$ cat protein_10.cif   # mmCIF, C-alpha atoms
data_my_file
loop_
_atom_site.label_atom_id
_atom_site.label_comp_id
_atom_site.auth_asym_id
_atom_site.auth_seq_id
_atom_site.Cartn_x
_atom_site.Cartn_y
_atom_site.Cartn_z
CA MET A 1 32.66 -10.30 13.90
CA PRO A 2 31.59 -13.68 15.42
CA LEU A 3 34.39 -16.22 15.82
CA LEU A 4 33.23 -18.78 13.19
CA PRO A 5 32.87 -16.35 10.28
CA ARG A 6 36.20 -14.71 11.24
CA LEU A 7 37.94 -18.08 11.16
CA LEU A 8 36.31 -19.01 7.88
CA LEU A 9 37.32 -15.71 6.32
CA SER A 10 40.94 -16.05 7.38
CA ALA A 11 41.24 -19.73 6.48
CA PRO A 12 43.40 -20.82 3.53
CA LEU A 13 41.55 -20.76 0.27
CA LEU A 14 41.75 -24.46 -0.44
CA THR A 15 40.57 -25.99 2.80
CA SER A 16 38.57 -29.18 2.97
CA THR A 17 35.36 -27.15 2.87
CA LEU A 18 36.37 -25.60 -0.45
CA ALA A 19 38.08 -28.61 -1.97
CA PRO A 20 38.61 -28.26 -5.71
CA VAL A 21 35.86 -30.15 -7.51
CA GLN A 22 38.31 -30.80 -10.35
CA ALA A 23 40.30 -33.07 -8.01
CA VAL A 24 37.47 -35.62 -8.13
CA GLU A 25 38.21 -37.85 -11.11
CA PRO A 26 35.28 -38.92 -13.27
CA PRO A 27 34.40 -42.59 -13.48
CA SER A 28 35.82 -44.32 -16.55
CA SER A 29 32.24 -44.62 -17.82
CA LEU A 30 28.87 -43.19 -16.86
CA LEU A 31 25.57 -44.48 -18.20
CA ILE A 32 22.40 -42.38 -17.92
CA LYS A 33 19.56 -44.86 -18.40
CA ASN A 34 16.06 -44.53 -19.78
CA GLY A 35 15.73 -40.73 -19.77
CA TYR A 36 13.68 -38.39 -21.94
CA VAL A 37 16.57 -36.91 -23.94
CA MET A 38 16.16 -33.35 -25.22
CA SER A 39 19.38 -32.94 -27.19
CA MET A 40 18.75 -29.29 -28.23
CA ARG A 41 20.33 -30.07 -31.59
CA ALA A 42 18.70 -28.04 -34.34
CA GLY A 43 15.76 -29.92 -35.83
CA GLU A 44 16.27 -33.08 -33.78
CA ALA A 45 13.26 -34.64 -32.09
CA ASP A 46 13.31 -35.64 -28.43
CA ARG A 47 14.01 -39.29 -27.67
CA GLU A 48 12.00 -41.11 -25.02
CA SER A 49 13.38 -43.95 -22.89
CA THR A 50 16.88 -43.30 -24.20
CA ASP A 51 20.32 -43.90 -22.71
CA VAL A 52 23.38 -41.64 -22.80
CA LEU A 53 26.80 -43.29 -22.46
CA ILE A 54 29.71 -41.14 -21.29
CA ARG A 55 33.31 -42.28 -21.63
CA GLY A 56 35.69 -40.13 -19.62
CA ASP A 57 34.69 -36.52 -20.34
CA THR A 58 32.88 -37.16 -23.65
CA ILE A 59 29.45 -38.36 -24.79
CA ALA A 60 30.21 -41.68 -26.50
CA ALA A 61 26.77 -42.98 -27.50
CA ILE A 62 23.06 -42.17 -27.39
CA GLY A 63 20.44 -44.84 -27.93
CA LYS A 64 18.17 -47.45 -26.43
CA ASN A 65 19.33 -50.36 -24.31
CA LEU A 66 22.98 -49.33 -24.19
CA HIS A 67 25.28 -51.50 -22.09
CA ALA A 68 28.62 -50.79 -20.47
CA ALA A 69 29.78 -53.27 -17.85
CA ASP A 70 32.24 -50.83 -16.29
CA ALA A 71 29.82 -47.86 -16.15
CA ARG A 72 28.30 -46.19 -13.16
CA VAL A 73 24.55 -46.06 -13.82
CA ILE A 74 22.18 -43.15 -13.19
CA ASP A 75 18.51 -44.04 -13.57
CA ALA A 76 16.75 -41.21 -15.45
CA THR A 77 13.38 -42.92 -15.85
CA GLY A 78 10.64 -40.29 -15.96
CA LYS A 79 13.20 -37.47 -16.02
CA PHE A 80 14.34 -34.95 -18.63
CA VAL A 81 17.96 -35.16 -19.82
CA LEU A 82 19.21 -31.88 -21.30
CA PRO A 83 22.50 -30.14 -21.95
CA GLY A 84 23.54 -27.93 -19.08
CA PHE A 85 22.54 -24.29 -19.44
CA VAL A 86 25.16 -21.89 -20.82
CA ASP A 87 25.21 -18.49 -19.09
CA ALA A 88 26.08 -16.10 -21.91
CA HIS A 89 27.19 -13.24 -19.64
CA SER A 90 27.80 -12.94 -15.91
CA HIS A 91 29.70 -11.12 -13.14
CA LEU A 92 30.41 -13.74 -10.49
CA TRP A 93 32.57 -11.41 -8.40
CA ILE A 94 29.39 -9.59 -7.26
CA THR A 95 27.96 -12.75 -5.67
CA THR A 96 28.85 -11.57 -2.14
CA LEU A 97 27.20 -8.18 -2.75
CA ARG A 98 23.77 -9.80 -2.85
CA GLY A 99 20.99 -7.73 -1.28
CA GLN A 100 23.08 -4.54 -1.05
CA PHE A 101 21.57 -2.81 -4.08
CA ARG A 102 17.94 -2.28 -3.20
CA ASN A 103 15.48 0.15 -4.72
CA LYS A 104 15.71 2.77 -1.98
CA ASP A 105 18.95 1.91 -0.19
CA GLY A 106 21.42 1.94 -3.04
CA LYS A 107 21.64 1.59 -6.81
CA PHE A 108 23.67 -1.19 -8.33
CA PHE A 109 26.56 0.72 -9.87
CA PRO A 110 27.47 3.01 -6.94
CA VAL A 111 27.14 0.15 -4.45
CA SER A 112 29.07 -2.41 -6.50
CA ASN A 113 31.83 0.13 -7.22
CA ARG A 114 32.17 0.97 -3.52
CA LEU A 115 32.20 -2.60 -2.26
CA GLY A 116 34.19 -3.96 -5.18
CA ALA A 117 36.99 -1.50 -4.50
CA VAL A 118 37.77 -3.09 -1.11
CA MET A 119 37.75 -6.72 -2.29
CA LYS A 120 40.95 -8.62 -1.55
CA PRO A 121 41.97 -11.76 -3.46
CA ASP A 122 40.34 -13.95 -0.78
CA ASP A 123 37.07 -12.05 -1.23
CA ILE A 124 37.31 -12.46 -5.00
CA TYR A 125 37.92 -16.19 -4.68
CA THR A 126 35.04 -16.65 -2.24
CA ALA A 127 32.58 -14.68 -4.38
CA MET A 128 33.46 -16.35 -7.67
CA TYR A 129 33.74 -19.86 -6.23
CA THR A 130 30.43 -19.53 -4.38
CA GLY A 131 28.77 -18.08 -7.46
CA ALA A 132 30.07 -20.87 -9.68
CA ILE A 133 28.86 -23.56 -7.26
CA GLU A 134 25.43 -21.89 -7.24
CA LEU A 135 25.37 -21.94 -11.04
CA LEU A 136 26.20 -25.62 -11.09
CA ALA A 137 23.55 -26.45 -8.52
CA SER A 138 21.02 -24.74 -10.80
CA GLY A 139 21.90 -26.70 -13.93
CA ILE A 140 24.21 -24.06 -15.43
CA THR A 141 27.35 -25.87 -16.54
CA THR A 142 29.08 -23.08 -18.49
CA SER A 143 29.59 -19.41 -17.64
CA SER A 144 30.91 -16.49 -19.69
CA ASP A 145 32.19 -14.51 -16.72
CA PHE A 146 32.94 -10.81 -17.24
CA PHE A 147 35.52 -10.29 -14.47
CA ASP A 148 35.78 -6.50 -14.41
CA ASN A 149 37.14 -6.13 -10.87
CA VAL A 150 40.75 -7.20 -11.33
CA HIS A 151 42.81 -5.02 -8.96
CA GLY A 152 46.09 -6.72 -9.73
CA PRO A 153 47.64 -10.08 -10.58
CA ALA A 154 46.64 -11.60 -7.23
CA SER A 155 42.97 -10.77 -7.89
CA GLY A 156 43.17 -12.16 -11.41
CA ASP A 157 44.80 -15.35 -10.16
CA ALA A 158 42.13 -15.74 -7.44
CA GLY A 159 39.28 -15.47 -9.93
CA TYR A 160 40.87 -17.90 -12.36
CA ARG A 161 41.58 -20.38 -9.56
CA ALA A 162 38.01 -20.10 -8.24
CA LEU A 163 36.49 -21.03 -11.60
CA SER A 164 38.98 -23.85 -12.06
CA ASP A 165 38.36 -25.26 -8.59
CA ALA A 166 34.56 -25.08 -8.81
CA GLY A 167 34.39 -27.59 -11.65
CA ILE A 168 32.41 -25.37 -14.01
CA ARG A 169 33.20 -24.79 -17.66
CA ALA A 170 33.91 -21.10 -18.15
CA ILE A 171 35.44 -18.33 -20.16
CA MET A 172 36.94 -15.79 -17.76
CA PHE A 173 36.84 -12.43 -19.52
CA TYR A 174 39.71 -10.55 -17.89
CA GLY A 175 38.97 -6.86 -17.24
CA GLY A 176 40.24 -3.72 -15.63
CA PRO A 177 40.15 -2.50 -12.04
CA ASP A 178 37.45 0.14 -12.40
CA LYS A 179 34.53 1.33 -14.49
CA THR A 180 36.08 4.64 -15.56
CA SER A 181 37.72 2.81 -18.48
CA ALA A 182 40.76 5.10 -18.20
CA THR A 183 42.94 2.40 -16.57
CA PRO A 184 44.43 -0.13 -18.97
CA ILE A 185 43.77 -3.85 -18.59
CA ASP A 186 46.86 -5.72 -17.32
CA LEU A 187 47.62 -7.47 -20.58
CA ALA A 188 50.97 -8.73 -19.29
CA HIS A 189 49.30 -10.68 -16.49
CA LEU A 190 46.60 -11.90 -18.83
CA LYS A 191 49.34 -13.26 -21.07
CA GLN A 192 50.85 -15.09 -18.08
CA LEU A 193 47.51 -16.79 -17.44
CA MET A 194 47.27 -17.68 -21.11
CA ALA A 195 50.60 -19.50 -20.80
CA LYS A 196 48.98 -21.95 -18.34
CA PRO A 197 46.11 -23.33 -20.40
CA HIS A 198 43.26 -25.08 -18.60
CA ASP A 199 41.10 -27.62 -20.40
CA ARG A 200 37.83 -26.34 -18.92
CA VAL A 201 38.48 -22.66 -18.11
CA SER A 202 39.61 -20.42 -20.96
CA LEU A 203 40.29 -16.70 -21.18
CA GLY A 204 38.86 -13.69 -22.94
CA LEU A 205 38.88 -9.89 -22.66
CA ALA A 206 36.33 -7.92 -20.61
CA TRP A 207 36.52 -4.79 -22.73
CA ARG A 208 34.93 -1.42 -22.04
CA LEU A 209 34.35 1.57 -24.29
CA PRO A 210 35.55 4.96 -23.06
CA ARG A 211 33.09 6.64 -20.71
CA ASP A 212 33.62 9.75 -22.83
CA LEU A 213 33.30 8.48 -26.38
CA HIS A 214 35.21 11.52 -27.62
CA ASP A 215 38.28 10.83 -25.45
CA GLU A 216 40.90 9.81 -27.99
CA ALA A 217 43.50 9.12 -25.29
CA VAL A 218 41.30 6.38 -23.85
CA TRP A 219 40.47 5.11 -27.32
CA THR A 220 44.21 4.57 -27.82
CA ILE A 221 44.21 2.29 -24.76
CA ARG A 222 41.13 0.48 -26.00
CA ASP A 223 42.65 0.04 -29.47
CA ARG A 224 45.69 -1.66 -27.95
CA GLU A 225 43.52 -4.01 -25.90
CA TYR A 226 41.29 -4.86 -28.85
CA ALA A 227 44.32 -5.64 -30.99
CA PHE A 228 45.67 -7.90 -28.22
CA ALA A 229 42.46 -9.92 -28.16
CA ARG A 230 42.31 -10.14 -31.96
CA ASP A 231 45.96 -11.11 -32.38
CA ASN A 232 45.84 -13.71 -29.59
CA HIS A 233 42.53 -15.20 -30.76
CA LEU A 234 40.72 -14.32 -27.54
CA PRO A 235 36.95 -13.77 -27.35
CA LEU A 236 35.94 -10.27 -26.30
CA GLN A 237 32.77 -9.05 -24.60
CA VAL A 238 31.69 -5.41 -24.42
CA HIS A 239 28.74 -3.78 -22.65
CA VAL A 240 26.36 -1.65 -24.70
CA SER A 241 24.10 0.02 -22.15
CA GLY A 242 23.53 3.45 -20.64
CA GLU A 243 24.45 5.50 -23.70
CA ALA A 244 23.61 2.40 -25.71
CA ASP A 245 22.84 4.02 -29.06
CA ALA A 246 26.06 6.05 -29.14
CA MET A 247 28.09 3.07 -27.89
CA PHE A 248 26.75 0.71 -30.54
CA ASN A 249 27.34 3.32 -33.22
CA ALA A 250 30.93 3.75 -32.00
CA LEU A 251 31.51 0.01 -32.36
CA ILE A 252 30.20 0.17 -35.92
CA GLN A 253 31.98 3.36 -36.97
CA ARG A 254 35.34 2.25 -35.56
CA HIS A 255 35.00 -1.20 -37.17
CA TYR A 256 35.13 -3.13 -33.90
CA LEU A 257 32.38 -5.62 -34.68
CA ALA A 258 33.87 -9.01 -35.52
CA PRO A 259 33.24 -12.76 -35.05
CA PHE A 260 35.20 -12.78 -31.77
CA VAL A 261 33.17 -9.88 -30.31
CA THR A 262 30.05 -10.30 -28.19
CA VAL A 263 27.86 -7.26 -27.59
CA VAL A 264 26.15 -7.47 -24.19
CA HIS A 265 22.67 -6.06 -23.37
CA ALA A 266 21.91 -3.77 -26.34
CA THR A 267 18.28 -3.74 -25.23
CA GLN A 268 17.32 -0.76 -27.37
CA ALA A 269 19.45 -1.65 -30.40
CA THR A 270 18.06 -0.54 -33.74
CA PRO A 271 17.50 -2.92 -36.68
CA ALA A 272 20.39 -1.23 -38.50
CA GLN A 273 22.76 -1.81 -35.57
CA LEU A 274 21.74 -5.44 -35.22
CA SER A 275 22.14 -5.90 -38.96
CA ALA A 276 25.69 -4.58 -38.70
CA LEU A 277 26.42 -7.04 -35.90
CA GLU A 278 25.03 -9.93 -37.93
CA LYS A 279 26.96 -8.91 -41.03
CA ALA A 280 30.18 -8.84 -38.99
CA GLY A 281 29.49 -12.31 -37.58
CA GLY A 282 29.46 -11.07 -34.00
CA SER A 283 27.43 -12.34 -31.07
CA LEU A 284 24.79 -10.96 -28.73
CA ALA A 285 24.23 -11.71 -25.04
CA LEU A 286 20.77 -10.82 -23.70
CA THR A 287 20.20 -10.43 -19.94
CA PRO A 288 16.46 -9.82 -19.39
CA ILE A 289 16.38 -9.82 -15.57
CA SER A 290 19.22 -7.36 -15.02
CA GLU A 291 17.91 -5.01 -17.71
CA GLU A 292 14.70 -4.65 -15.73
CA ARG A 293 16.52 -4.64 -12.38
CA VAL A 294 18.54 -1.53 -13.23
CA GLY A 295 15.73 0.11 -15.20
CA TYR A 296 17.27 -0.10 -18.67
CA GLY A 297 14.20 -1.53 -20.35
CA LEU A 298 12.41 -4.68 -21.43
CA THR A 299 14.14 -7.42 -23.43
CA ARG A 300 11.83 -8.53 -26.21
CA TYR A 301 13.72 -11.40 -27.76
CA ASP A 302 11.68 -11.25 -30.98
CA GLN A 303 13.38 -7.94 -31.76
CA PHE A 304 16.74 -9.72 -31.99
CA LYS A 305 15.68 -12.56 -34.30
CA GLY A 306 17.95 -11.24 -37.06
CA VAL A 307 21.08 -12.05 -35.04
CA THR A 308 22.13 -15.66 -35.54
CA ARG A 309 24.65 -15.95 -32.73
CA GLN A 310 22.98 -15.01 -29.48
CA GLY A 311 22.37 -16.36 -25.99
CA LEU A 312 20.85 -15.68 -22.58
CA GLY A 313 22.78 -14.56 -19.52
CA LEU A 314 22.19 -13.79 -15.85
CA ASP A 315 24.53 -10.79 -15.55
CA GLY A 316 25.62 -12.08 -12.13
CA ASN A 317 23.82 -14.15 -9.53
CA ALA A 318 23.44 -11.17 -7.21
CA LEU A 319 22.06 -8.82 -9.86
CA ALA A 320 19.64 -11.46 -11.14
CA GLY A 321 18.73 -12.31 -7.54
CA SER A 322 19.90 -15.90 -7.86
CA ALA A 323 21.49 -18.29 -10.33
CA ASP A 324 18.19 -19.18 -11.95
CA MET A 325 18.17 -19.66 -15.72
CA PHE A 326 14.57 -20.89 -15.47
CA ALA A 327 13.54 -17.44 -14.17
CA THR A 328 15.43 -15.83 -17.06
CA LEU A 329 13.63 -18.05 -19.57
CA ARG A 330 10.29 -17.34 -17.96
CA LEU A 331 10.79 -13.57 -17.95
CA ALA A 332 11.82 -13.62 -21.61
CA ALA A 333 8.67 -15.56 -22.48
CA LEU A 334 6.33 -13.39 -20.41
CA THR A 335 7.81 -10.13 -21.69
CA GLN A 336 7.28 -11.35 -25.24
CA SER A 337 3.65 -12.41 -24.78
CA GLY A 338 2.79 -9.34 -22.71
CA ALA A 339 4.37 -6.84 -25.08
CA THR A 340 2.80 -8.38 -28.18
CA GLN A 341 -0.50 -9.29 -26.49
CA ASP A 342 -0.07 -12.71 -28.06
CA GLU A 343 -0.09 -15.72 -25.73
CA THR A 344 1.28 -17.96 -28.50
CA GLY A 345 4.18 -15.64 -29.35
CA PRO A 346 6.86 -17.18 -27.12
CA ASP A 347 8.31 -20.49 -28.30
CA PRO A 348 9.50 -22.46 -25.23
CA ARG A 349 11.56 -24.82 -27.36
CA ARG A 350 13.36 -21.91 -29.00
CA LEU A 351 14.02 -20.38 -25.60
CA LEU A 352 15.57 -23.59 -24.30
CA GLU A 353 17.80 -23.67 -27.37
CA LEU A 354 18.75 -20.06 -26.65
CA ALA A 355 19.93 -20.99 -23.15
CA THR A 356 21.88 -24.05 -24.30
CA ARG A 357 23.09 -24.67 -27.85
CA ARG A 358 22.77 -21.10 -29.10
CA SER A 359 24.46 -19.62 -26.02
CA ALA A 360 27.32 -22.06 -26.54
CA ASP A 361 27.58 -21.08 -30.20
CA ALA A 362 27.57 -17.39 -29.26
CA ALA A 363 30.44 -17.99 -26.83
CA GLY A 364 32.47 -19.87 -29.43
CA LEU A 365 31.99 -23.15 -27.55
CA GLY A 366 29.48 -24.76 -29.87
CA ARG A 367 31.82 -27.59 -30.81
CA VAL A 368 32.40 -28.39 -27.16
CA THR A 369 29.10 -28.05 -25.32
CA GLY A 370 25.50 -26.85 -25.56
CA SER A 371 23.83 -30.01 -26.83
CA VAL A 372 23.60 -33.70 -25.98
CA GLU A 373 25.34 -35.31 -28.93
CA VAL A 374 28.07 -37.83 -29.53
CA GLY A 375 31.55 -36.32 -29.48
CA LYS A 376 30.71 -33.33 -27.31
CA ARG A 377 31.80 -32.92 -23.73
CA ALA A 378 29.47 -34.50 -21.19
CA ASP A 379 27.87 -31.34 -19.74
CA ILE A 380 24.41 -32.53 -18.76
CA GLN A 381 21.57 -31.71 -16.40
CA ILE A 382 18.76 -34.06 -15.39
CA ILE A 383 15.48 -32.44 -14.36
CA ASN A 384 13.12 -34.47 -12.19
CA PRO A 385 9.49 -33.36 -12.64
CA ALA A 386 8.28 -35.41 -9.65
CA ALA A 387 7.64 -32.29 -7.58
CA LEU A 388 4.62 -30.18 -6.68
CA ASN A 389 5.67 -27.25 -8.87
CA MET A 390 5.86 -29.53 -11.92
CA SER A 391 2.92 -31.80 -11.09
CA GLY A 392 -0.09 -32.16 -13.36
CA PHE A 393 1.84 -32.76 -16.57
CA GLY A 394 -0.02 -35.25 -18.75
CA GLY A 395 2.61 -35.72 -21.44
CA GLY A 396 3.57 -34.23 -24.79
CA ASP A 397 6.34 -31.72 -25.42
CA PRO A 398 7.83 -30.83 -22.01
CA ALA A 399 9.47 -27.59 -23.20
CA SER A 400 6.60 -25.42 -21.95
CA LEU A 401 6.56 -27.26 -18.62
CA ILE A 402 10.26 -26.61 -18.11
CA VAL A 403 10.19 -22.95 -19.16
CA TYR A 404 7.08 -21.92 -17.22
CA SER A 405 7.19 -24.25 -14.19
CA ALA A 406 10.67 -25.63 -13.42
CA GLY A 407 13.22 -24.15 -11.05
CA PRO A 408 16.75 -24.94 -9.80
CA GLU A 409 15.28 -27.21 -7.12
CA ASN A 410 14.10 -29.56 -9.88
CA VAL A 411 17.64 -30.04 -11.20
CA GLU A 412 18.46 -33.42 -9.69
CA THR A 413 21.76 -34.27 -11.36
CA VAL A 414 24.52 -32.18 -12.96
CA VAL A 415 27.47 -33.58 -14.90
CA VAL A 416 30.39 -31.51 -16.26
CA ASP A 417 33.15 -33.14 -18.28
CA GLY A 418 31.84 -36.50 -17.15
CA ARG A 419 32.16 -35.57 -13.48
CA ILE A 420 29.06 -35.89 -11.32
CA LEU A 421 28.82 -32.58 -9.45
CA LYS A 422 25.21 -32.92 -8.27
CA LEU A 423 23.41 -36.18 -7.61
CA SER A 424 19.98 -36.91 -6.15
CA GLY A 425 19.56 -33.19 -5.53
CA GLN A 426 22.78 -32.84 -3.51
CA MET A 427 26.03 -31.13 -4.51
CA GLN A 428 28.89 -33.60 -4.28
CA HIS A 429 32.12 -33.01 -2.33
CA ILE A 430 30.99 -29.55 -1.18
CA ASN A 431 30.19 -28.48 2.38
CA ILE A 432 27.44 -26.03 1.48
CA THR A 433 26.91 -24.90 5.10
CA ALA A 434 30.55 -23.92 5.45
CA LEU A 435 30.60 -22.29 2.03
CA VAL A 436 27.57 -20.13 2.84
CA ALA A 437 29.12 -19.12 6.17
CA ARG A 438 32.32 -18.12 4.41
CA ALA A 439 30.45 -16.10 1.77
CA ASN A 440 28.43 -14.30 4.45
CA ALA A 441 31.58 -13.53 6.44
CA SER A 442 33.25 -12.07 3.35
CA ALA A 443 30.14 -9.98 2.60
CA ARG A 444 30.15 -8.53 6.13
CA HIS A 445 33.86 -7.87 5.84
CA LEU A 446 33.35 -5.88 2.64
CA ARG A 447 30.69 -3.67 4.24
CA GLU A 448 32.93 -3.02 7.24
CA GLU A 449 35.92 -2.13 5.04
CA ALA A 450 33.87 0.12 2.76
CA ALA A 451 32.50 1.99 5.79
CA LYS A 452 35.98 2.98 7.04
#
$ encode --input "protein_10.cif" --output "structure tokens"
Amino acid sequence: MPLLPRLLLSAPLLTSTLAPVQAVEPPSSLLIKNGYVMSMRAGEADRESTDVLIRGDTIAAIGKNLHAADARVIDATGKFVLPGFVDAHSHLWITTLRGQFRNKDGKFFPVSNRLGAVMKPDDIYTAMYTGAIELLASGITTSSDFFDNVHGPASGDAGYRALSDAGIRAIMFYGGPDKTSATPIDLAHLKQLMAKPHDRVSLGLAWRLPRDLHDEAVWTIRDREYAFARDNHLPLQVHVSGEADAMFNALIQRHYLAPFVTVVHATQATPAQLSALEKAGGSLALTPISEERVGYGLTRYDQFKGVTRQGLGLDGNALAGSADMFATLRLAALTQSGATQDETGPDPRRLLELATRRSADAAGLGRVTGSVEVGKRADIQIINPAALNMSGFGGGDPASLIVYSAGPENVETVVVDGRILKLSGQMQHINITALVARANASARHLREEAAK
């Protein structure tokens, strides 16, 4: 291995190149001036030439000609001010496996299992920190991260620290060390993490159904884990894919659907199954790109309209290709219009709501984030349309422009909890060159270890 990557890989986790973003205190006040505010609140019209005043970590006022003598000012003239995207389901630990699962050279599950098995805590930290920074750079301010590669307390601590240090808002769904589902989740360590509450990073359970749905011994383990989440008021996510019909039916028959449960994928779910989820008050996380990537099918979001609490997810930066919620929105829209042969079928405004307010509601964070409104945390992205890929817009509702034309490169400013994490197109307080070198070194290290 070349000297620089080797040094980066062996360096302490919290070096100056990976300084915790949370250490940067927000200004006492921040004033976003003269932007086109798209609040994403249900039924609320956009507001042109409008200011957003942030006090500490909270949105304090929205209106025209706001003044705050002590505020740092960001000029948003001609730009779109939106809530940050909320990633409804992800796997950030696979970030450093990018490019290893290709059509002919390896399928996702065998490759991720092989490389994930040799990840040390430093590798976990690097992958999840790098992935979270990439999300933030792309306008994604909240992640529901399904961390199903916890090989022990040190791995769990590394993942939790990575999310905390990156500055993102997140729920870390704590999972088991393998995909067989026969190994119990380390509930004792999860409880230790719960005893150290973090204002921005909370915890949940990354739960899996038995691989053999008739294995009552494994169901006993799963029952204990489910009860732990329920009794400790933790959100729980569960995959429904592969044997999706049987898995969804098992959730229904064993009375596992509940308001704290989010069903992930469920691409081929039947109306009866979705009705059961809605009746139970549960949530749904749709991941259109990964469903096509692994050949599970097409996500037609009109088929899920009966589920109130739902959102859009990436399923991991590496599996989606990159941390690009715009690509996810675009694929959802195109799949809908193509499948129905109706160009007017997709509703760009509804899709933007799905990736912001509705994703936040699905994650149980609707009172905290997901919309630009007074009293909520200041999780905001500013999109600058002054770019070739967004040129030619003559005015009107910009929702279609954003869904069909925008990309992460158009996200000029990102604010989380009142902290400016991206400004004028540049991530703040992050040495991106060093971070990329470290991620690449870790990725090479994993391939070398897995080949032994």
$ residues_around --input "protein_10.cif" --residues "Ala443 in chain A" --least-positions-apart "5" --cutoff "12 Å" --atoms "only C-alpha atoms" --output "JSON, numbers by chain"
{"A": [1, 5, 6, 9, 93, 94, 95, 96, 97, 98, 99, 100, 112, 115, 116, 118, 119, 120, 122, 123, 124, 126, 127, 130, 318, 436, 437, 438, 448, 449, 450]}
$ atom_distance --input "protein_10.cif" --atom1 "CA of Ser90 in chain A" --atom2 "CA of Ser138 in chain A"
14.5 Å
$ atom_distance --input "protein_10.cif" --atom1 "CA of Ser144 in chain A" --atom2 "CA of Arg309 in chain A"
14.5 Å
$ atom_distance --input "protein_10.cif" --atom1 "CA of Pro271 in chain A" --atom2 "CA of Gln310 in chain A"
15.1 Å
$ resolve_selection --input "protein_10.cif" --expression "the PyMOL selection byres ((chain A and resi 296) around 10)" --output "MDAnalysis selection string"
chainID A and resid 241:242 244 265:268 288 290:295 297:299
$ resolve_selection --input "protein_10.cif" --expression "the PyMOL selection byres ((chain A and resi 381) around 7)" --output "VMD selection string"
chain A and resid 81 to 84 139 380 382 to 383 411 413 to 415
$ residues_around --input "protein_10.cif" --residues "Ile74 in chain A" --least-positions-apart "2" --cutoff "8 Å" --atoms "only C-alpha atoms" --output "list in words"
Leu30, Leu31, Ile32, Lys33, Arg72 and Ala76 of chain A
$ closest_residue --input "protein_10.cif" --among "A:Pro177, A:Gly281, A:Gly106, A:Pro259" --to "Val307 in chain A" --atoms "only C-alpha atoms"
A:Gly281
$ resolve_selection --input "protein_10.cif" --expression "the PyMOL selection byres ((chain A and resi 402) around 9)" --output "VMD selection string"
chain A and resid 326 348 352 383 385 390 398 to 401 403 to 407
